[in-house]
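Data block for model-v7.cif (mmCIF, C-alpha atoms):
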```
data_work
loop_
_atom_site.label_atom_id
_atom_site.label_comp_id
_atom_site.auth_asym_id
_atom_site.auth_seq_id
_atom_site.Cartn_x
_atom_site.Cartn_y
_atom_site.Cartn_z
CA MET A 800 -106.54 -109.82 -51.16
CA SER A 801 -107.08 -111.97 -48.07
CA THR A 802 -109.30 -115.02 -48.12
CA PRO A 803 -112.83 -114.22 -46.87
CA VAL A 804 -113.38 -115.39 -43.31
CA THR A 805 -116.00 -118.07 -42.80
CA VAL A 806 -117.85 -117.66 -39.52
CA PRO A 807 -119.40 -120.83 -38.00
CA PRO A 808 -123.07 -120.94 -39.11
CA ASP A 809 -124.49 -120.81 -35.57
CA MET A 810 -122.38 -117.71 -34.85
CA ALA A 811 -123.07 -116.12 -38.25
CA THR A 812 -126.79 -116.03 -37.47
CA LEU A 813 -125.99 -113.72 -34.54
CA ALA A 814 -124.10 -111.21 -36.72
CA ARG A 815 -126.93 -108.70 -37.01
CA PRO A 816 -127.42 -105.13 -35.76
CA ASP A 817 -130.24 -106.10 -33.39
CA LEU A 818 -128.36 -108.85 -31.53
CA SER A 819 -129.40 -109.11 -27.89
CA PRO A 820 -127.43 -109.54 -24.66
CA GLN A 821 -128.43 -113.21 -24.82
CA ASP A 822 -126.89 -113.44 -28.30
CA VAL A 823 -123.69 -111.92 -26.96
CA LEU A 824 -123.66 -114.50 -24.17
CA ALA A 825 -123.79 -117.23 -26.84
CA LEU A 826 -120.86 -115.58 -28.65
CA ARG A 827 -118.94 -115.34 -25.39
CA ARG A 828 -119.50 -119.00 -24.55
CA HIS A 829 -118.37 -120.05 -28.03
CA TYR A 830 -115.23 -117.92 -28.33
CA PHE A 831 -114.10 -118.20 -24.73
CA ALA A 832 -114.87 -121.93 -24.46
CA ASP A 833 -111.16 -122.73 -24.10
CA ASN A 834 -110.34 -119.46 -22.28
CA ALA A 835 -108.33 -118.21 -25.24
CA ILE A 836 -108.85 -116.41 -28.56
CA SER A 837 -106.93 -117.50 -31.66
CA LEU A 838 -106.02 -115.26 -34.58
CA ARG A 839 -108.55 -117.14 -36.68
CA GLU A 840 -111.25 -116.49 -34.09
CA GLY A 841 -110.17 -112.85 -33.98
CA GLU A 842 -110.73 -112.64 -37.73
CA GLU A 843 -114.19 -114.16 -37.27
CA LEU A 844 -115.04 -111.54 -34.66
CA PHE A 845 -113.96 -108.75 -37.01
CA ALA A 846 -116.17 -110.27 -39.70
CA ILE A 847 -119.08 -110.30 -37.26
CA ALA A 848 -118.32 -106.69 -36.28
CA GLY A 849 -118.49 -105.69 -39.95
CA LYS A 850 -122.02 -107.12 -40.16
CA ILE A 851 -123.19 -105.42 -36.97
CA GLY A 852 -121.64 -102.04 -37.76
CA ASP A 853 -121.96 -99.34 -35.11
CA ALA A 854 -125.23 -100.81 -33.92
CA GLY A 855 -125.50 -103.62 -31.40
CA CYS A 856 -126.05 -103.66 -27.67
CA ARG A 857 -123.59 -102.47 -25.05
CA GLU A 858 -122.71 -106.07 -24.19
CA TRP A 859 -121.54 -106.68 -27.76
CA HIS A 860 -119.16 -103.73 -27.79
CA GLN A 861 -117.75 -104.78 -24.43
CA PHE A 862 -117.27 -108.38 -25.54
CA PHE A 863 -115.56 -107.45 -28.82
CA ALA A 864 -113.08 -105.12 -27.10
CA GLU A 865 -112.42 -107.68 -24.37
CA ALA A 866 -111.81 -110.53 -26.82
CA ILE A 867 -109.43 -108.60 -29.09
CA THR A 868 -107.53 -107.23 -26.09
CA GLU A 869 -107.22 -110.75 -24.68
CA LEU A 870 -105.80 -111.94 -28.00
CA LEU A 871 -103.30 -109.13 -28.56
CA VAL A 872 -102.28 -108.10 -25.06
CA HIS A 873 -102.89 -110.81 -22.46
CA GLN A 874 -102.16 -114.03 -24.38
CA VAL A 875 -98.71 -112.98 -25.59
CA SER A 876 -95.41 -113.73 -23.84
CA PRO A 877 -94.52 -111.75 -21.87
CA PRO A 878 -98.05 -110.47 -21.26
CA GLY A 879 -98.69 -106.90 -22.27
CA TYR A 880 -96.00 -106.49 -24.90
CA LEU A 881 -97.78 -105.96 -28.21
CA SER A 882 -95.57 -107.16 -31.07
CA GLN A 883 -95.11 -105.53 -34.46
CA ASP A 884 -96.69 -108.58 -36.13
CA ASN A 885 -99.78 -108.47 -33.92
CA ALA A 886 -100.05 -104.72 -34.37
CA ARG A 887 -99.93 -105.20 -38.14
CA TRP A 888 -102.56 -107.94 -37.96
CA PHE A 889 -104.79 -105.61 -35.92
CA MET A 890 -104.41 -102.71 -38.34
CA ASP A 891 -105.03 -104.95 -41.35
CA ARG A 892 -108.24 -106.29 -39.80
CA ILE A 893 -109.51 -102.76 -39.10
CA MET A 894 -108.80 -101.60 -42.65
CA GLU A 895 -109.71 -104.84 -44.40
CA ASP A 896 -111.67 -104.33 -47.63
CA GLY A 897 -111.65 -100.59 -46.97
CA HIS A 898 -114.76 -100.75 -44.81
CA VAL A 899 -115.83 -97.81 -42.69
CA PHE A 900 -113.88 -97.40 -39.46
CA LEU A 901 -116.30 -98.48 -36.75
CA LYS A 902 -116.74 -96.92 -33.33
CA THR A 903 -116.35 -100.42 -31.90
CA GLU A 904 -112.96 -100.71 -33.59
CA PHE A 905 -111.78 -97.27 -32.44
CA GLU A 906 -112.73 -97.99 -28.83
CA THR A 907 -111.03 -101.40 -29.08
CA LEU A 908 -107.90 -99.75 -30.50
CA LEU A 909 -107.82 -97.42 -27.51
CA ARG A 910 -108.41 -100.29 -25.09
CA VAL A 911 -105.61 -102.39 -26.61
CA MET A 912 -103.15 -99.50 -26.37
CA GLU A 913 -104.28 -98.67 -22.86
CA ARG A 914 -103.86 -102.24 -21.59
CA ALA A 915 -100.60 -102.96 -23.41
CA ARG A 916 -97.36 -102.29 -21.58
CA ARG A 917 -95.58 -101.54 -24.82
CA VAL A 918 -97.20 -100.23 -28.01
CA PRO A 919 -95.34 -100.28 -31.36
CA ASP A 920 -95.00 -96.80 -32.82
CA CYS A 921 -96.89 -97.86 -35.93
CA LEU A 922 -100.08 -98.61 -33.99
CA ALA A 923 -100.17 -95.28 -32.15
CA ALA A 924 -99.53 -93.46 -35.46
CA PHE A 925 -102.30 -95.55 -37.03
CA GLY A 926 -104.74 -94.32 -34.38
CA LEU A 927 -103.72 -90.70 -34.99
CA LYS A 928 -104.15 -91.17 -38.74
CA ARG A 929 -107.71 -92.31 -38.21
CA VAL A 930 -108.38 -89.07 -36.34
CA ALA A 931 -106.59 -87.15 -39.12
CA ASP A 932 -109.03 -88.74 -41.58
CA VAL A 933 -111.86 -87.29 -39.50
CA VAL A 934 -110.27 -83.83 -39.61
CA LEU A 935 -109.87 -83.91 -43.38
CA SER A 936 -113.28 -85.44 -44.17
CA GLY A 937 -115.37 -83.98 -41.36
CA ASP A 938 -116.96 -87.40 -40.86
CA GLY A 939 -116.30 -88.21 -37.23
CA ALA A 940 -119.30 -90.39 -36.48
CA SER A 941 -117.21 -93.40 -35.50
CA VAL A 942 -114.41 -91.52 -33.71
CA THR A 943 -115.72 -88.29 -32.19
CA GLY A 944 -119.45 -88.64 -32.73
CA GLU A 945 -119.35 -85.29 -34.54
CA GLN A 946 -119.87 -84.19 -38.13
CA HIS A 947 -118.20 -80.95 -39.18
CA ALA A 948 -116.85 -79.12 -42.21
CA PRO A 949 -113.80 -80.84 -43.71
CA GLY A 950 -110.32 -79.50 -43.11
CA ILE A 951 -110.75 -78.02 -39.65
CA VAL A 952 -109.71 -79.29 -36.21
CA THR A 953 -112.57 -79.06 -33.73
CA LYS A 954 -112.50 -79.45 -29.96
CA ALA A 955 -113.84 -83.00 -30.36
CA ASP A 956 -111.00 -83.80 -32.79
CA VAL A 957 -108.43 -82.50 -30.30
CA GLU A 958 -109.87 -84.70 -27.58
CA ALA A 959 -109.68 -87.73 -29.88
CA LEU A 960 -106.02 -86.95 -30.63
CA ARG A 961 -105.39 -86.50 -26.93
CA ARG A 962 -106.97 -89.88 -26.14
CA VAL A 963 -104.76 -91.70 -28.64
CA LEU A 964 -101.59 -89.97 -27.42
CA PHE A 965 -102.46 -90.66 -23.81
CA VAL A 966 -103.32 -94.36 -24.03
CA ALA A 967 -100.29 -95.08 -26.20
CA SER A 968 -98.14 -94.00 -23.25
CA SER A 969 -100.40 -95.22 -20.45
CA GLU A 970 -97.86 -97.58 -18.85
CA GLY A 971 -95.25 -94.89 -18.53
CA PHE A 972 -92.74 -96.03 -21.17
CA GLY A 973 -92.95 -93.74 -24.08
CA ALA A 974 -92.50 -90.36 -25.55
CA VAL A 975 -94.23 -89.20 -28.70
CA SER A 976 -92.62 -91.07 -31.62
CA ARG A 977 -91.46 -89.66 -34.95
CA ALA A 978 -94.34 -91.43 -36.72
CA GLU A 979 -96.88 -89.78 -34.41
CA ALA A 980 -95.17 -86.40 -34.70
CA ASP A 981 -95.32 -86.61 -38.50
CA VAL A 982 -99.07 -87.27 -38.37
CA LEU A 983 -99.57 -84.22 -36.16
CA PHE A 984 -97.53 -82.12 -38.58
CA ASP A 985 -99.63 -83.43 -41.48
CA ILE A 986 -102.77 -82.27 -39.68
CA ALA A 987 -101.24 -78.85 -38.98
CA ASP A 988 -100.20 -78.49 -42.63
CA ALA A 989 -103.62 -79.53 -43.96
CA THR A 990 -105.44 -77.07 -41.68
CA ALA A 991 -102.95 -74.20 -41.72
CA ASP A 992 -105.55 -71.66 -42.91
CA ALA A 993 -108.52 -73.07 -40.99
CA GLY A 994 -110.06 -71.70 -37.83
CA ASN A 995 -108.91 -74.60 -35.70
CA ASP A 996 -109.89 -74.90 -32.08
CA PRO A 997 -107.15 -73.18 -30.01
CA ALA A 998 -106.61 -76.40 -28.06
CA PHE A 999 -105.02 -77.97 -31.14
CA ALA A 1000 -102.06 -75.55 -31.20
CA ASP A 1001 -101.47 -76.20 -27.51
CA LEU A 1002 -101.60 -79.98 -27.87
CA PHE A 1003 -99.44 -79.86 -31.01
CA ALA A 1004 -96.74 -77.81 -29.28
CA ARG A 1005 -96.64 -80.07 -26.24
CA ALA A 1006 -96.63 -83.30 -28.24
CA ILE A 1007 -93.93 -82.24 -30.73
CA GLY A 1008 -91.97 -80.67 -27.89
CA ASN A 1009 -92.16 -83.98 -26.06
CA HIS A 1010 -90.80 -85.74 -29.14
CA VAL A 1011 -87.76 -83.55 -29.72
CA LEU A 1012 -86.91 -82.91 -26.07
CA CYS A 1013 -87.48 -86.43 -24.75
CA GLY A 1014 -86.83 -88.69 -27.71
CA ILE A 1015 -87.50 -91.99 -25.92
CA GLY A 1016 -89.98 -93.71 -28.23
CA ARG A 1017 -91.88 -96.94 -27.68
CA HIS A 1018 -89.78 -99.61 -29.35
CA ALA A 1019 -90.78 -102.99 -27.94
CA PRO A 1020 -87.94 -104.71 -26.07
CA CYS A 1021 -87.00 -108.34 -26.52
CA PRO A 1022 -88.95 -110.78 -24.27
CA ASP A 1023 -86.08 -111.28 -21.80
CA GLU A 1024 -85.59 -107.55 -21.39
CA ALA A 1025 -89.35 -107.10 -21.08
CA ARG A 1026 -89.51 -109.65 -18.26
CA ARG A 1027 -86.70 -107.90 -16.40
CA ARG A 1028 -88.42 -104.55 -16.80
CA GLU A 1029 -91.72 -106.07 -15.71
CA THR A 1030 -90.13 -107.20 -12.43
CA TRP A 1031 -88.63 -103.75 -11.90
CA LEU A 1032 -91.99 -102.13 -12.59
CA ASP A 1033 -93.76 -104.33 -10.09
CA GLU A 1034 -91.27 -103.29 -7.44
CA SER A 1035 -91.61 -99.59 -8.18
CA ARG A 1036 -95.32 -99.40 -8.93
CA SER A 1037 -95.93 -97.07 -5.99
CA LEU A 1038 -93.56 -94.40 -7.29
CA SER A 1039 -95.42 -91.31 -8.44
CA SER A 1040 -92.66 -89.93 -10.65
CA GLY A 1041 -91.65 -91.04 -14.12
CA ILE A 1042 -92.65 -90.42 -17.68
CA GLY A 1043 -96.16 -91.82 -17.23
CA SER A 1044 -97.12 -89.12 -14.75
CA ILE A 1045 -95.30 -86.57 -16.86
CA LEU A 1046 -97.33 -87.47 -19.93
CA ARG A 1047 -100.53 -87.37 -17.90
CA SER A 1048 -99.55 -83.84 -16.95
CA MET A 1049 -98.70 -82.96 -20.53
CA PHE A 1050 -101.87 -84.27 -22.08
CA GLY A 1051 -104.23 -83.59 -19.22
CA SER A 1052 -106.46 -80.53 -19.32
CA ARG A 1053 -106.02 -79.34 -15.73
CA ASN A 1054 -102.44 -78.08 -15.85
CA THR A 1055 -101.36 -74.67 -17.03
CA PRO A 1056 -98.94 -74.63 -19.99
CA SER A 1057 -96.05 -73.43 -17.81
CA VAL A 1058 -96.45 -76.26 -15.31
CA ALA A 1059 -97.06 -78.91 -17.95
CA SER A 1060 -94.14 -77.83 -20.12
CA SER A 1061 -91.75 -77.82 -17.16
CA GLN A 1062 -92.80 -81.36 -16.28
CA ALA A 1063 -92.53 -82.43 -19.90
CA THR A 1064 -88.86 -81.62 -20.08
CA ALA A 1065 -87.88 -82.58 -16.55
CA PHE A 1066 -86.47 -85.93 -17.59
CA GLY A 1067 -84.90 -85.01 -20.95
CA ASP A 1068 -81.64 -83.30 -21.81
CA GLU A 1069 -83.63 -80.31 -23.08
CA VAL A 1070 -81.33 -79.94 -26.08
CA ILE A 1071 -82.41 -79.80 -29.74
CA CYS A 1072 -79.53 -81.26 -31.72
CA ALA A 1073 -78.75 -80.73 -35.41
CA GLU A 1074 -80.66 -83.84 -36.53
CA GLU A 1075 -83.80 -82.80 -34.66
CA ALA A 1076 -83.46 -79.20 -35.86
CA GLN A 1077 -83.11 -80.37 -39.47
CA TRP A 1078 -86.26 -82.48 -39.19
CA LEU A 1079 -88.19 -79.63 -37.57
CA LYS A 1080 -87.05 -77.15 -40.20
CA ALA A 1081 -88.04 -79.48 -43.04
CA ARG A 1082 -91.45 -80.14 -41.52
CA ILE A 1083 -92.22 -76.48 -40.78
CA ARG A 1084 -91.00 -75.34 -44.21
CA ARG A 1085 -92.96 -78.04 -46.03
CA ASN A 1086 -96.05 -75.84 -46.25
CA ASP A 1087 -93.99 -72.73 -47.06
CA LYS A 1088 -95.52 -70.88 -44.12
CA ILE A 1089 -95.54 -71.03 -40.35
CA CYS A 1090 -99.03 -71.78 -39.11
CA ASN A 1091 -100.37 -70.97 -35.65
CA ALA A 1092 -99.67 -74.45 -34.23
CA GLN A 1093 -96.08 -74.32 -35.46
CA ARG A 1094 -95.55 -70.85 -33.99
CA GLU A 1095 -96.81 -72.17 -30.67
CA LEU A 1096 -94.33 -75.03 -30.95
CA LEU A 1097 -91.41 -72.68 -31.61
CA HIS A 1098 -92.38 -70.54 -28.62
CA PHE A 1099 -92.61 -73.68 -26.49
CA LEU A 1100 -89.15 -74.85 -27.54
CA THR A 1101 -87.66 -71.40 -26.97
CA ARG A 1102 -88.96 -71.45 -23.40
CA GLU A 1103 -88.07 -75.03 -22.55
CA ALA A 1104 -84.88 -76.03 -24.37
CA ARG A 1105 -81.49 -75.33 -22.79
CA HIS A 1106 -79.92 -75.27 -26.23
CA ILE A 1107 -81.40 -75.11 -29.75
CA ASP A 1108 -79.30 -75.76 -32.81
CA PRO A 1109 -78.74 -72.47 -34.74
CA MET A 1110 -80.44 -74.06 -37.76
CA LEU A 1111 -83.76 -73.01 -36.20
CA ASP A 1112 -82.78 -69.39 -35.43
CA ARG A 1113 -84.43 -67.95 -38.53
CA LEU A 1114 -87.67 -69.86 -37.98
CA ILE A 1115 -87.83 -68.69 -34.38
CA ALA A 1116 -87.24 -65.09 -35.48
CA GLU A 1117 -90.02 -65.38 -38.08
CA ALA A 1118 -92.41 -66.77 -35.47
CA ARG A 1119 -91.63 -63.87 -33.14
CA ALA A 1120 -92.09 -61.31 -35.93
CA ALA A 1121 -95.43 -62.85 -36.91
CA GLU A 1122 -96.63 -62.67 -33.31
CA ILE A 1123 -95.64 -59.00 -33.04
CA ALA A 1124 -97.32 -58.21 -36.35
CA ALA A 1125 -100.52 -59.87 -35.19
#
```

Would you mind writing the file out in structure tokens?
Amino acid sequence: MSTPVTVPPDMATLARPDLSPQDVLALRRHYFADNAISLREGEELFAIAGKIGDAGCREWHQFFAEAITELLVHQVSPPGYLSQDNARWFMDRIMEDGHVFLKTEFETLLRVMERARRVPDCLAAFGLKRVADVVLSGDGASVTGEQHAPGIVTKADVEALRRVLFVASSEGFGAVSRAEADVLFDIADATADAGNDPAFADLFARAIGNHVLCGIGRHAPCPDEARRRETWLDESRSLSSGIGSILRSMFGSRNTPSVASSQATAFGDEVICAEEAQWLKARIRRNDKICNAQRELLHFLTREARHIDPMLDRLIAEARAAEIAA
């Protein structure tokens, strides 16, 4: 168990749900006095957040997100490349002592991933798992603002999943990682017999299809490589093509499935190899049935892949038969 964080007495007196904008200004002056936030100061801010909960004024929520983003994204070298160690520190602070996941923390998680130029796979999967917790418990006050029956994916849950997937790829580097794909499969398995919102099957198919057809991932490069890529990005910032725009098309709500799916595979080899087929088969067979989201995925892959390993032939046939029977 970590050592309890001691907040300076004058700052601790401000850690209350009814803190005012003037109180936040005092916090800002204290923690940004040297124009930087240390890990120790970050821990103090998380301790203060735990005392305030989901209450507090708008200025507090803005300051907290700004300070943690400054610490994890802007103060590192090269700027914007979130390390595995910092990602682990961030996740540990959020889950410390098993306290309730706060709306402030979820919004800060999204902001950190949005502002970072590279996001470790573990952090994006962590965000998806928090949404999965909402699906299974029905308690989405801090994430979706919605309470619902446990074990069902609502429209609000789908939008929360979409937000996490989108911001984790916001700088145009990544495809959906294996860790993220596994979380989405876990949700599909846990809600296989539920009346999920139809948008979940669509998002599931696109996201898993992105993973197996693109297979790029978000592994953080070494600093020297990151600096070289940063220079290249600055020179090509005006280009409208690339995986960032593709993902915006995939996860956006304005494109039709046919347009989005074509864009999703435009930069991949569109081949599902034996290793990917084996993983897909194991994941789909784990629940001993093919649920609606998984059928949608198999249809998606059948349309979009140039070649699919024969290992999936039987699953595809079962999905087709189930659709005909329905």

- [ ] Kindly indicate which residue among A:Arg815, A:His860, A:Arg910, A:Arg1082 lies nearest to Asp981 of chain A, using all atoms listed in the file for the distances.
- [x] A:Arg1082

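Candidate residues A:Ile851, A:Ala923, A:Ala866, A:Val804 were compared for distance to Ala886 of chain A, and the nearest is A:Ala923, using all atoms listed in the file.
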
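This file gives the following result for the PyMOL selection byres ((chain A and resi 986) around 9): Ala931, Val934, Leu935, Gly950, Val952, Asp981, Val982, Leu983, Phe984, Asp985, Ala987, Asp988, Ala989, Thr990 and Ala991 of chain A.
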
- [ ] Can you pull out every residue within 7 Å of segment 975-978 of chain A, counting only C-alpha atoms, but drop anything in the same chain fewer than 6 positions away, and send it as an NGL selection string?
- [x] :A and (920-921 or 924 or 1006 or 1009-1010 or 1016)

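The two atoms in question, atom CA of Ala1000 of chain A and atom CA of Asn1091 of chain A, are spaced 6.6 Å apart.
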
Task: Contacts of Arg929 of chain A within 12 Å, only C-alpha atoms, excl. fewer than 5 positions in-chain, as a PyMOL selection string - done: chain A and resi 890+893-894+899-902+904-905+908-909+922-924+934-943+956+959-960+963+979+982-983+986

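Nearest residue to Ala1073 of chain A, choosing from A:Leu1111, A:Leu964, A:Leu1096, A:Leu927 and counting all atoms listed in the file: A:Leu1111.
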
- [ ] Work out how far atom CA of Thr1101 of chain A is from atom CA of Ala1120 of chain A, in Å to one decimal.
- [x] 14.2 Å

Task: Contacts of Glu1095 of chain A within 10 Å, only C-alpha atoms, excl. fewer than 4 positions in-chain, as number ranges by chain - done: A: 1000-1005, 1089-1091, 1099-1101, 1118, 1122

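Reported to one decimal place, the separation of atom CA of Thr812 of chain A from atom CA of Leu844 of chain A is 12.9 Å.
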
At a cut-off of 10 Å, using all atoms listed in the file, what residues contact Asn885 of chain A? Leave out same-chain residues fewer than 5 positions from it and give the result as a PDB file with C-alpha atoms, keeping the file's coordinate frame.
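The file below, out-v2.pdb, is the result:
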```pdb
ATOM      1  CA  LEU A 838    -106.020-115.260 -34.580  1.00  0.00           C
ATOM      2  CA  LEU A 870    -105.800-111.940 -28.000  1.00  0.00           C
ATOM      3  CA  LEU A 871    -103.300-109.130 -28.560  1.00  0.00           C
ATOM      4  CA  VAL A 872    -102.280-108.100 -25.060  1.00  0.00           C
ATOM      5  CA  VAL A 875     -98.710-112.980 -25.590  1.00  0.00           C
ATOM      6  CA  TYR A 880     -96.000-106.490 -24.900  1.00  0.00           C
ATOM      7  CA  MET A 890    -104.410-102.710 -38.340  1.00  0.00           C
ATOM      8  CA  ASP A 891    -105.030-104.950 -41.350  1.00  0.00           C
ATOM      9  CA  PRO A 919     -95.340-100.280 -31.360  1.00  0.00           C
ATOM     10  CA  LEU A 922    -100.080 -98.610 -33.990  1.00  0.00           C
TER      11      LEU A 922
END
```
